[in-house]
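Structure data (mmCIF, C-alpha atoms) from start_17.cif:
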data_protein
#
loop_
_atom_site.group_PDB
_atom_site.id
_atom_site.type_symbol
_atom_site.label_atom_id
_atom_site.label_comp_id
_atom_site.auth_asym_id
_atom_site.auth_seq_id
_atom_site.Cartn_x
_atom_site.Cartn_y
_atom_site.Cartn_z
ATOM 1 C CA MET I 1 130.851 91.209 120.005
ATOM 2 C CA ILE I 2 127.789 93.212 118.912
ATOM 3 C CA CYS I 3 127.870 94.499 115.345
ATOM 4 C CA LEU I 4 124.970 96.927 114.879
ATOM 5 C CA SER I 5 124.797 96.378 111.150
ATOM 6 C CA LYS I 6 124.447 92.606 111.571
ATOM 7 C CA HIS I 7 122.554 92.329 114.855
ATOM 8 C CA GLU I 8 118.839 91.521 114.612
ATOM 9 C CA GLN I 9 117.951 94.398 116.903
ATOM 10 C CA GLY I 10 120.679 96.692 115.635
ATOM 11 C CA ALA I 11 118.387 99.727 115.216
ATOM 12 C CA GLU I 12 117.020 99.477 118.776
ATOM 13 C CA LEU I 13 120.489 98.940 120.171
ATOM 14 C CA LEU I 14 121.807 101.929 118.272
ATOM 15 C CA ALA I 15 118.958 104.158 119.535
ATOM 16 C CA SER I 16 119.585 103.037 123.123
ATOM 17 C CA TYR I 17 123.323 103.502 122.661
ATOM 18 C CA LEU I 18 122.854 107.065 121.411
ATOM 19 C CA ALA I 19 120.419 107.797 124.243
ATOM 20 C CA ARG I 20 123.020 106.365 126.644
ATOM 21 C CA THR I 21 120.407 104.128 128.218
ATOM 22 C CA LEU I 22 122.267 100.822 127.900
ATOM 23 C CA ASP I 23 123.968 99.333 130.932
ATOM 24 C CA ALA I 24 127.611 100.246 131.466
ATOM 25 C CA PRO I 25 129.220 96.997 130.179
ATOM 26 C CA ARG I 26 127.095 97.095 127.030
ATOM 27 C CA MET I 27 127.924 100.777 126.466
ATOM 28 C CA ALA I 28 131.620 100.012 126.849
ATOM 29 C CA GLU I 29 131.383 97.057 124.468
ATOM 30 C CA LEU I 30 129.616 99.171 121.841
ATOM 31 C CA ASP I 31 132.066 102.055 122.327
ATOM 32 C CA ARG I 32 134.911 99.654 121.600
ATOM 33 C CA HIS I 33 133.166 98.087 118.631
ATOM 34 C CA ILE I 34 132.204 101.423 117.053
ATOM 35 C CA ARG I 35 135.834 102.532 117.273
ATOM 36 C CA GLU I 36 136.886 99.415 115.364
ATOM 37 C CA CYS I 37 134.016 98.883 112.874
ATOM 38 C CA ALA I 38 133.773 101.503 110.126
ATOM 39 C CA GLU I 39 130.249 100.423 109.155
ATOM 40 C CA CYS I 40 128.879 100.864 112.669
ATOM 41 C CA ARG I 41 130.784 104.131 113.064
ATOM 42 C CA GLY I 42 129.075 105.396 109.900
ATOM 43 C CA LEU I 43 125.663 104.278 111.198
ATOM 44 C CA ALA I 44 126.172 105.970 114.530
ATOM 45 C CA SER I 45 127.341 109.231 112.971
ATOM 46 C CA VAL I 46 124.390 109.346 110.548
ATOM 47 C CA TRP I 47 121.947 108.720 113.397
ATOM 48 C CA GLU I 48 123.613 111.347 115.524
ATOM 49 C CA ARG I 49 123.260 113.858 112.692
ATOM 50 C CA LEU I 50 119.587 112.935 112.303
ATOM 51 C CA ASP I 51 119.181 113.571 115.982
ATOM 52 C CA GLU I 52 120.157 117.196 115.496
ATOM 53 C CA PHE I 53 116.902 117.901 113.715
ATOM 54 C CA ALA I 54 114.137 119.057 116.004
ATOM 55 C CA VAL I 55 110.872 117.416 114.972
ATOM 56 C CA PRO I 56 108.322 120.189 114.425
ATOM 57 C CA GLU I 57 104.883 119.688 115.889
ATOM 58 C CA VAL I 58 102.421 119.031 113.074
ATOM 59 C CA SER I 59 99.332 121.155 113.495
ATOM 60 C CA PRO I 60 95.905 119.500 113.535
ATOM 61 C CA GLY I 61 94.364 119.275 110.101
ATOM 62 C CA PHE I 62 97.725 119.453 108.364
ATOM 63 C CA ASP I 63 96.902 116.536 106.052
ATOM 64 C CA ALA I 64 93.520 117.974 105.110
ATOM 65 C CA ARG I 65 95.038 121.375 104.339
ATOM 66 C CA LEU I 66 97.820 119.769 102.308
ATOM 67 C CA TYR I 67 95.382 117.738 100.211
ATOM 68 C CA ALA I 68 93.189 120.798 99.702
ATOM 69 C CA ARG I 69 96.212 122.737 98.495
ATOM 70 C CA ILE I 70 97.236 119.949 96.126
ATOM 71 C CA ALA I 71 93.685 119.930 94.775
ATOM 72 C CA ARG I 72 93.786 123.722 94.299
ATOM 73 C CA GLU I 73 97.119 123.575 92.493
ATOM 74 C CA GLY I 74 95.775 120.788 90.270
ATOM 75 C CA ALA I 75 92.703 122.826 89.444
ATOM 76 C CA ARG I 76 94.848 125.818 88.501
ATOM 77 C CA VAL I 77 96.774 123.697 85.992
ATOM 78 C CA TRP I 78 93.553 122.647 84.306
ATOM 79 C CA GLY I 79 92.404 126.240 83.937
ATOM 80 C CA TRP I 80 88.905 127.498 84.503
ATOM 81 C CA ARG I 81 87.989 127.374 80.802
ATOM 82 C CA ARG I 82 88.392 123.617 80.855
ATOM 83 C CA TRP I 83 85.412 123.373 83.206
ATOM 84 C CA LEU I 84 83.161 124.853 80.580
ATOM 85 C CA TRP I 85 83.871 121.955 78.278
ATOM 86 C CA PRO I 86 80.330 120.553 77.770
ATOM 87 C CA PRO I 87 80.755 116.916 79.009
ATOM 88 C CA VAL I 88 82.562 118.115 82.180
ATOM 89 C CA ALA I 89 80.146 120.852 83.179
ATOM 90 C CA PRO I 90 77.225 118.677 84.387
ATOM 91 C CA LEU I 91 79.618 116.497 86.384
ATOM 92 C CA ALA I 92 81.169 119.559 87.956
ATOM 93 C CA ALA I 93 77.748 120.917 88.854
ATOM 94 C CA ALA I 94 76.771 117.620 90.454
ATOM 95 C CA ALA I 95 80.093 117.405 92.327
ATOM 96 C CA ALA I 96 79.629 120.956 93.591
ATOM 97 C CA ALA I 97 76.145 120.080 94.792
ATOM 98 C CA VAL I 98 77.466 116.989 96.611
ATOM 99 C CA ALA I 99 80.231 119.081 98.174
ATOM 100 C CA VAL I 100 77.694 121.641 99.395
ATOM 101 C CA VAL I 101 75.518 118.877 100.840
ATOM 102 C CA LEU I 102 78.477 117.249 102.588
ATOM 103 C CA PHE I 103 79.632 120.613 103.918
ATOM 104 C CA LEU I 104 76.214 121.319 105.392
ATOM 105 C CA HIS I 105 75.644 117.850 106.787
ATOM 106 C CA VAL I 106 78.984 117.248 108.465
ATOM 107 C CA PRO I 107 78.763 118.801 111.949
ATOM 108 C CA HIS I 108 81.102 121.765 112.199
ATOM 109 C CA GLY I 109 83.735 121.572 114.880
ATOM 110 C CA SER I 110 86.526 123.946 115.603
ATOM 111 C CA ASP I 111 87.800 124.206 112.021
ATOM 112 C CA SER I 112 91.242 122.620 112.161
ATOM 113 C CA VAL I 113 90.489 120.291 115.027
ATOM 114 C CA GLN I 114 87.629 118.852 112.999
ATOM 115 C CA GLN I 115 90.073 117.290 110.573
ATOM 116 C CA ALA I 116 92.387 115.874 113.180
ATOM 117 C CA SER I 117 93.743 112.471 112.333
ATOM 118 C CA ALA I 118 94.619 109.534 114.546
ATOM 119 C CA ALA I 119 98.180 110.868 114.621
ATOM 120 C CA ASP I 120 96.946 114.067 116.269
ATOM 121 C CA ILE I 121 95.344 112.279 119.189
ATOM 122 C CA GLU I 122 98.465 110.164 119.612
ATOM 123 C CA GLN I 123 100.416 113.429 119.753
ATOM 124 C CA VAL I 124 98.040 114.651 122.467
ATOM 125 C CA ALA I 125 98.418 111.372 124.362
ATOM 126 C CA GLN I 126 102.219 111.619 124.173
ATOM 127 C CA ALA I 127 102.106 115.214 125.448
ATOM 128 C CA VAL I 128 99.848 114.091 128.314
ATOM 129 C CA ASP I 129 102.327 111.287 129.142
ATOM 130 C CA ASP I 130 105.194 113.766 129.219
ATOM 131 C CA LEU I 131 103.297 116.317 131.304
ATOM 132 C CA ASP I 132 102.367 113.599 133.768
ATOM 133 C CA LEU I 133 105.961 112.390 133.928
ATOM 134 C CA LEU I 134 107.315 115.921 134.412
ATOM 135 C CA THR I 135 104.899 116.778 137.206
ATOM 136 C CA PRO I 136 107.045 117.557 140.250
ATOM 137 C CA ILE I 137 107.366 114.544 142.531
ATOM 138 C CA ASP I 138 105.319 114.962 145.702
ATOM 139 C CA ARG I 139 107.829 114.571 148.498
ATOM 140 C CA MET K 1 74.434 130.205 77.470
ATOM 141 C CA ARG K 2 71.228 128.215 77.856
ATOM 142 C CA PHE K 3 73.323 125.144 78.566
ATOM 143 C CA LEU K 4 75.169 126.901 81.390
ATOM 144 C CA PHE K 5 71.958 128.204 82.892
ATOM 145 C CA ALA K 6 70.515 124.679 82.874
ATOM 146 C CA ASN K 7 73.588 123.340 84.685
ATOM 147 C CA ALA K 8 73.411 126.011 87.340
ATOM 148 C CA LEU K 9 69.724 125.284 87.869
ATOM 149 C CA VAL K 10 70.413 121.555 88.254
ATOM 150 C CA ALA K 11 73.097 122.317 90.863
ATOM 151 C CA VAL K 12 70.793 124.610 92.818
ATOM 152 C CA LEU K 13 67.942 122.099 92.696
ATOM 153 C CA LEU K 14 70.204 119.248 93.772
ATOM 154 C CA ALA K 15 71.587 121.259 96.664
ATOM 155 C CA GLY K 16 68.145 122.458 97.665
ATOM 156 C CA SER K 17 66.556 119.025 97.620
ATOM 157 C CA VAL K 18 69.048 117.332 99.938
ATOM 158 C CA SER K 19 70.157 120.122 102.256
ATOM 159 C CA PRO K 20 67.100 121.614 103.904
ATOM 160 C CA ALA K 21 67.306 124.860 105.805
ATOM 161 C CA ALA K 22 67.110 122.877 109.037
ATOM 162 C CA ALA K 23 70.542 121.388 108.372
ATOM 163 C CA GLN K 24 72.031 124.859 107.953
ATOM 164 C CA VAL K 25 70.394 126.051 111.165
ATOM 165 C CA GLY K 26 71.711 122.938 112.941
ATOM 166 C CA ALA K 27 75.242 123.600 111.710
ATOM 167 C CA VAL K 28 75.135 127.229 112.837
ATOM 168 C CA LYS K 29 73.758 126.192 116.231
ATOM 169 C CA GLU K 30 76.565 123.673 116.615
ATOM 170 C CA ILE K 31 79.206 126.297 115.841
ATOM 171 C CA LEU K 32 77.641 128.720 118.343
ATOM 172 C CA ARG K 33 77.426 126.007 120.997
ATOM 173 C CA GLN K 34 81.088 125.157 120.611
ATOM 174 C CA LYS K 35 82.090 128.810 120.759
ATOM 175 C CA ALA K 36 80.102 129.158 123.970
ATOM 176 C CA LEU K 37 81.804 126.057 125.436
ATOM 177 C CA ARG K 38 85.226 127.444 124.624
ATOM 178 C CA GLN K 39 84.410 130.835 126.124
ATOM 179 C CA GLN K 40 83.046 129.110 129.214
ATOM 180 C CA ARG K 41 86.293 127.209 129.681
ATOM 181 C CA ILE K 42 88.384 130.369 129.260
ATOM 182 C CA LYS K 43 86.119 132.132 131.778
ATOM 183 C CA GLN K 44 86.475 129.243 134.240
ATOM 184 C CA GLN K 45 90.246 129.354 133.876
ATOM 185 C CA LYS K 46 90.223 133.096 134.591
ATOM 186 C CA GLN K 47 87.869 132.775 137.561
ATOM 187 C CA GLN K 48 89.846 129.985 139.168
ATOM 188 C CA LYS K 49 93.117 131.601 138.101
ATOM 189 C CA MET K 50 93.882 128.266 136.460
ATOM 190 C CA LEU K 51 96.987 128.113 134.367
ATOM 191 C CA PRO K 52 96.588 126.402 131.022
ATOM 192 C CA LEU K 53 98.622 123.252 130.475
ATOM 193 C CA PRO K 54 101.860 124.194 128.692
ATOM 194 C CA ALA K 55 101.303 121.722 125.817
ATOM 195 C CA PRO K 56 99.331 123.397 122.986
ATOM 196 C CA ALA K 57 98.157 120.033 121.599
ATOM 197 C CA VAL K 58 96.595 119.131 124.952
ATOM 198 C CA GLU K 59 94.969 122.554 125.335
ATOM 199 C CA ARG K 60 93.471 122.230 121.859
ATOM 200 C CA PHE K 61 92.085 118.847 122.858
ATOM 201 C CA LEU K 62 90.596 120.273 126.062
ATOM 202 C CA GLN K 63 88.871 123.012 124.107
ATOM 203 C CA MET K 64 87.027 120.500 121.926
ATOM 204 C CA SER K 65 83.389 119.744 122.608
ATOM 205 C CA PRO K 66 82.708 116.459 124.484
ATOM 206 C CA GLU K 67 81.499 114.901 121.213
ATOM 207 C CA GLU K 68 84.705 115.864 119.414
ATOM 208 C CA GLN K 69 86.824 114.584 122.294
ATOM 209 C CA GLU K 70 84.928 111.314 122.202
ATOM 210 C CA ARG K 71 85.518 110.998 118.443
ATOM 211 C CA GLU K 72 89.233 111.590 118.919
ATOM 212 C CA LEU K 73 89.578 109.255 121.902
ATOM 213 C CA ALA K 74 87.852 106.497 119.954
ATOM 214 C CA LYS K 75 90.914 106.387 117.688
ATOM 215 C CA LEU K 76 93.048 105.093 120.572
ATOM 216 C CA THR K 77 93.129 101.526 121.855
ATOM 217 C CA PRO K 78 90.982 101.030 125.005
ATOM 218 C CA GLU K 79 94.091 100.689 127.226
ATOM 219 C CA ARG K 80 95.773 103.771 125.792
ATOM 220 C CA ARG K 81 92.561 105.721 126.065
ATOM 221 C CA GLN K 82 92.081 104.770 129.717
ATOM 222 C CA GLN K 83 95.690 105.682 130.490
ATOM 223 C CA MET K 84 95.368 109.046 128.765
ATOM 224 C CA GLU K 85 92.088 109.878 130.498
ATOM 225 C CA GLN K 86 93.508 109.005 133.929
ATOM 226 C CA ARG K 87 96.631 111.079 133.373
ATOM 227 C CA LEU K 88 94.718 114.020 131.968
ATOM 228 C CA ASN K 89 92.355 113.909 134.915
ATOM 229 C CA ARG K 90 95.327 113.946 137.288
ATOM 230 C CA LEU K 91 96.876 116.902 135.449
ATOM 231 C CA GLN K 92 93.654 118.887 135.622
ATOM 232 C CA GLN K 93 93.557 118.460 139.376
ATOM 233 C CA LEU K 94 97.119 119.601 139.984
ATOM 234 C CA PRO K 95 97.523 122.315 142.606
ATOM 235 C CA PRO K 96 98.575 125.692 141.142
ATOM 236 C CA GLU K 97 102.194 125.441 142.385
ATOM 237 C CA GLN K 98 102.729 122.116 140.608
ATOM 238 C CA LEU K 99 101.067 123.464 137.480
ATOM 239 C CA GLN K 100 103.363 126.474 137.665
ATOM 240 C CA GLY K 101 106.335 124.109 137.853
ATOM 241 C CA LEU K 102 105.210 122.389 134.671
ATOM 242 C CA GLN K 103 105.064 125.723 132.830
ATOM 243 C CA ASP K 104 108.867 125.942 133.022
ATOM 244 C CA VAL K 105 109.845 122.304 132.804
ATOM 245 C CA TYR K 106 107.759 121.166 129.833
ATOM 246 C CA PRO K 107 109.099 123.737 127.298
ATOM 247 C CA ALA K 108 112.668 122.960 128.410
ATOM 248 C CA PHE K 109 111.976 119.249 127.934
ATOM 249 C CA GLN K 110 110.438 119.886 124.510
ATOM 250 C CA ASN K 111 113.634 121.632 123.418
ATOM 251 C CA LEU K 112 115.701 118.476 123.929
ATOM 252 C CA ARG K 113 116.677 116.285 121.006
ATOM 253 C CA PRO K 114 114.527 113.156 120.640
ATOM 254 C CA ALA K 115 117.198 110.750 121.908
ATOM 255 C CA ARG K 116 117.911 112.960 124.918
ATOM 256 C CA LYS K 117 114.191 113.266 125.630
ATOM 257 C CA GLN K 118 114.032 109.499 125.784
ATOM 258 C CA ALA K 119 117.022 109.352 128.134
ATOM 259 C CA VAL K 120 115.471 111.979 130.445
ATOM 260 C CA ARG K 121 112.095 110.165 130.386
ATOM 261 C CA GLN K 122 113.766 106.943 131.429
ATOM 262 C CA GLU K 123 115.770 108.620 134.188
ATOM 263 C CA ILE K 124 112.673 110.345 135.618
ATOM 264 C CA GLN K 125 110.787 107.059 135.600
ATOM 265 C CA GLU K 126 113.597 105.454 137.573
ATOM 266 C CA LEU K 127 113.922 108.399 139.965
ATOM 267 C CA ARG K 128 110.182 108.317 140.630
ATOM 268 C CA GLN K 129 110.404 104.715 141.775
ATOM 269 C CA MET K 130 113.162 105.403 144.312
ATOM 270 C CA ARG K 131 113.026 106.323 147.969
ATOM 271 C CA PRO K 132 113.841 110.044 148.527
ATOM 272 C CA ALA K 133 117.266 109.387 150.076
ATOM 273 C CA LEU K 134 118.388 107.144 147.246
ATOM 274 C CA ARG K 135 116.920 109.556 144.740
ATOM 275 C CA LYS K 136 119.217 112.317 145.969
ATOM 276 C CA ASP K 137 122.313 110.121 145.609
ATOM 277 C CA ARG K 138 121.264 108.951 142.178
ATOM 278 C CA LEU K 139 120.586 112.512 141.020
ATOM 279 C CA ASN K 140 123.960 113.731 142.255
ATOM 280 C CA GLY K 141 125.570 110.907 140.324
ATOM 281 C CA ASP K 142 123.639 111.808 137.179
ATOM 282 C CA ALA K 143 125.654 114.970 136.525
ATOM 283 C CA GLY K 144 128.145 113.026 134.409
ATOM 284 C CA SER K 145 125.538 111.591 132.065
ATOM 285 C CA PHE K 146 123.241 114.582 131.608
ATOM 286 C CA SER K 147 123.745 118.116 130.299
ATOM 287 C CA PRO K 148 123.141 121.123 132.620
ATOM 288 C CA GLU K 149 119.761 121.717 130.922
ATOM 289 C CA GLU K 150 118.780 118.095 131.447
ATOM 290 C CA MET K 151 119.982 118.175 135.058
ATOM 291 C CA ASP K 152 117.874 121.281 135.610
ATOM 292 C CA ILE K 153 114.799 119.360 134.391
ATOM 293 C CA LEU K 154 115.641 116.384 136.638
ATOM 294 C CA ARG K 155 116.152 118.687 139.629
ATOM 295 C CA ARG K 156 112.900 120.538 139.051
ATOM 296 C CA VAL K 157 110.948 117.305 138.746
ATOM 297 C CA THR K 158 112.517 115.752 141.846
ATOM 298 C CA GLY K 159 112.552 119.026 143.785
ATOM 299 C CA ILE K 160 116.171 118.428 144.779
ATOM 300 C CA PRO K 161 118.199 121.611 144.309
ATOM 301 C CA ASP K 162 121.787 121.655 143.098
ATOM 302 C CA GLY K 163 124.408 120.916 145.752
ATOM 303 C CA GLN K 164 122.184 118.905 148.085
#
Show the structure stored in the file as structure tokens.
Amino acid sequence: MICLSKHEQGAELLASYLARTLDAPRMAELDRHIRECAECRGLASVWERLDEFAVPEVSPGFDARLYARIAREGARVWGWRRWLWPPVAPLAAAAAAVAVVLFLHVPHGSDSVQQASAADIEQVAQAVDDLDLLTPIDR
Amino acid sequence: MRFLFANALVAVLLAGSVSPAAAQVGAVKEILRQKALRQQRIKQQKQQKMLPLPAPAVERFLQMSPEEQERELAKLTPERRQQMEQRLNRLQQLPPEQLQGLQDVYPAFQNLRPARKQAVRQEIQELRQMRPALRKDRLNGDAGSFSPEEMDILRRVTGIPDGQ
């Protein structure tokens, strides 16, 4: 008997069970077990609920924009007067100069695309896989 | 006041010493070049009456400059990269009627829940490997395991209409 909460590959089995991709005897076995085992029933229902959420597509450069916003919010808390505090001012000037230099030296791409992370390209690759798979079969 | 003025001067001097005007001109040129590339692609699509691929992430990738694409592709493993390039190449050479078919199927597929997407992926992979006659039987037997929306996707991909 397979108990999802105790089985080594319980998570994979559960995902396959919910996707209905297991073979018929295994599906039947799990159906029976889930009816009898409260723990597995709970697991399955939680996963099914999670499944109801559509995963939104994260736009390229999301991380960069998020960090920039966090930085802006942080700066607002400090207040602009704080920057005039004598020991901070030279550092701020130097940091601004470095930022300007970096801005001018980094080649400019299409704004958001420029900051794309490895996750973005994986998202592209997955979309390409799906498009390829969904291409009508040449009969 | 004098202190502030001195700081501003230091900042300007620092910026001026390490970012020559040439760098600014280079950056502007790069932006203009990429704009031109993008416009060229849009123009090509219009001229050839090419439909864009229905996946926004892929279209964004295609609109990148070759250097940007290279930078992005370098983040993938060599095998994954090769696979993606081959598939993308195949997609770009699709005849218009197949591309038109994708315009309807892909959004419908995207609307499925993740677990159902996986089930449909697996079923299409299996259907693709079958002989046409067996494929028809299998598809007709699928109605019990897939929703009407999912069956519509499977039928569009296989080109087997309902009731056949």
Could you list, with a cut-off of 10 Å and counting only C-alpha atoms, the residues of range 42-158 of chain K near range 7-20 of chain I, each shown with its nearest atom pair and the distance in Å rounded to one decimal, rows sorted by chain and ascending number, as a Markdown table?
| residue | atom | partner | partner_atom | distance |
| --- | --- | --- | --- | --- |
| K:Arg113 | CA | I:Ala19 | CA | 9.8 |
| K:Pro114 | CA | I:Ala19 | CA | 8.7 |
| K:Ala115 | CA | I:Ala19 | CA | 5.0 |
| K:Arg116 | CA | I:Ala19 | CA | 5.8 |
| K:Lys117 | CA | I:Ala19 | CA | 8.4 |
| K:Gln118 | CA | I:Ala19 | CA | 6.8 |
| K:Ala119 | CA | I:Ala19 | CA | 5.4 |
| K:Val120 | CA | I:Ala19 | CA | 9.0 |
| K:Gln122 | CA | I:Ala19 | CA | 9.8 |
| K:Ser145 | CA | I:Arg20 | CA | 7.9 |
| K:Phe146 | CA | I:Arg20 | CA | 9.6 |
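Here CA of Pro132 in chain K is placed at a distance of 12.5 Å from CA of Val157 in chain K.
Of the residues under consideration (K:Leu76, K:Leu94, K:Leu102, K:Ile31), K:Leu102 shows the shortest atom-to-atom contact distance to Asp130 in chain I when counting only C-alpha atoms.
Closest approach to chain I from the set K:Thr77, K:Gln82, K:Thr158, K:Asn140 is made by K:Thr158, with distances taken over only C-alpha atoms.
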Box for range 61-64 of chain K: with edges along x, y and z, all listed atoms inside and 8 Å added on each side, what are the centre and edge lengths in Å to one decimal, as AutoDock Vina command-line options?
--center_x 89.6 --center_y 120.9 --center_z 124.0 --size_x 21.1 --size_y 20.2 --size_z 20.1
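The residue that comes closest to chain I, out of K:Leu37, K:Glu72, K:Arg131, K:Pro107 and on the basis of only C-alpha atoms, is K:Glu72.
As for CA of Asp63 in chain I and CA of Asp120 in chain I, they are spaced 10.5 Å apart.
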Under the PyMOL selection byres ((chain I and resi 122) around 12), which residues of this model are included? Write them out as JSON, numbers by chain. {"I": [58, 60, 116, 117, 118, 119, 120, 121, 123, 124, 125, 126, 127, 128, 129], "K": [57, 58, 61, 72, 73, 74, 75, 76, 77, 80, 81, 84]}
Explicit residues for the PyMOL selection byres ((chain K and resi 138) around 12) (as a PyMOL selection string): chain K and resi 123-124+126-137+139-145+151+154-155+158+160+164
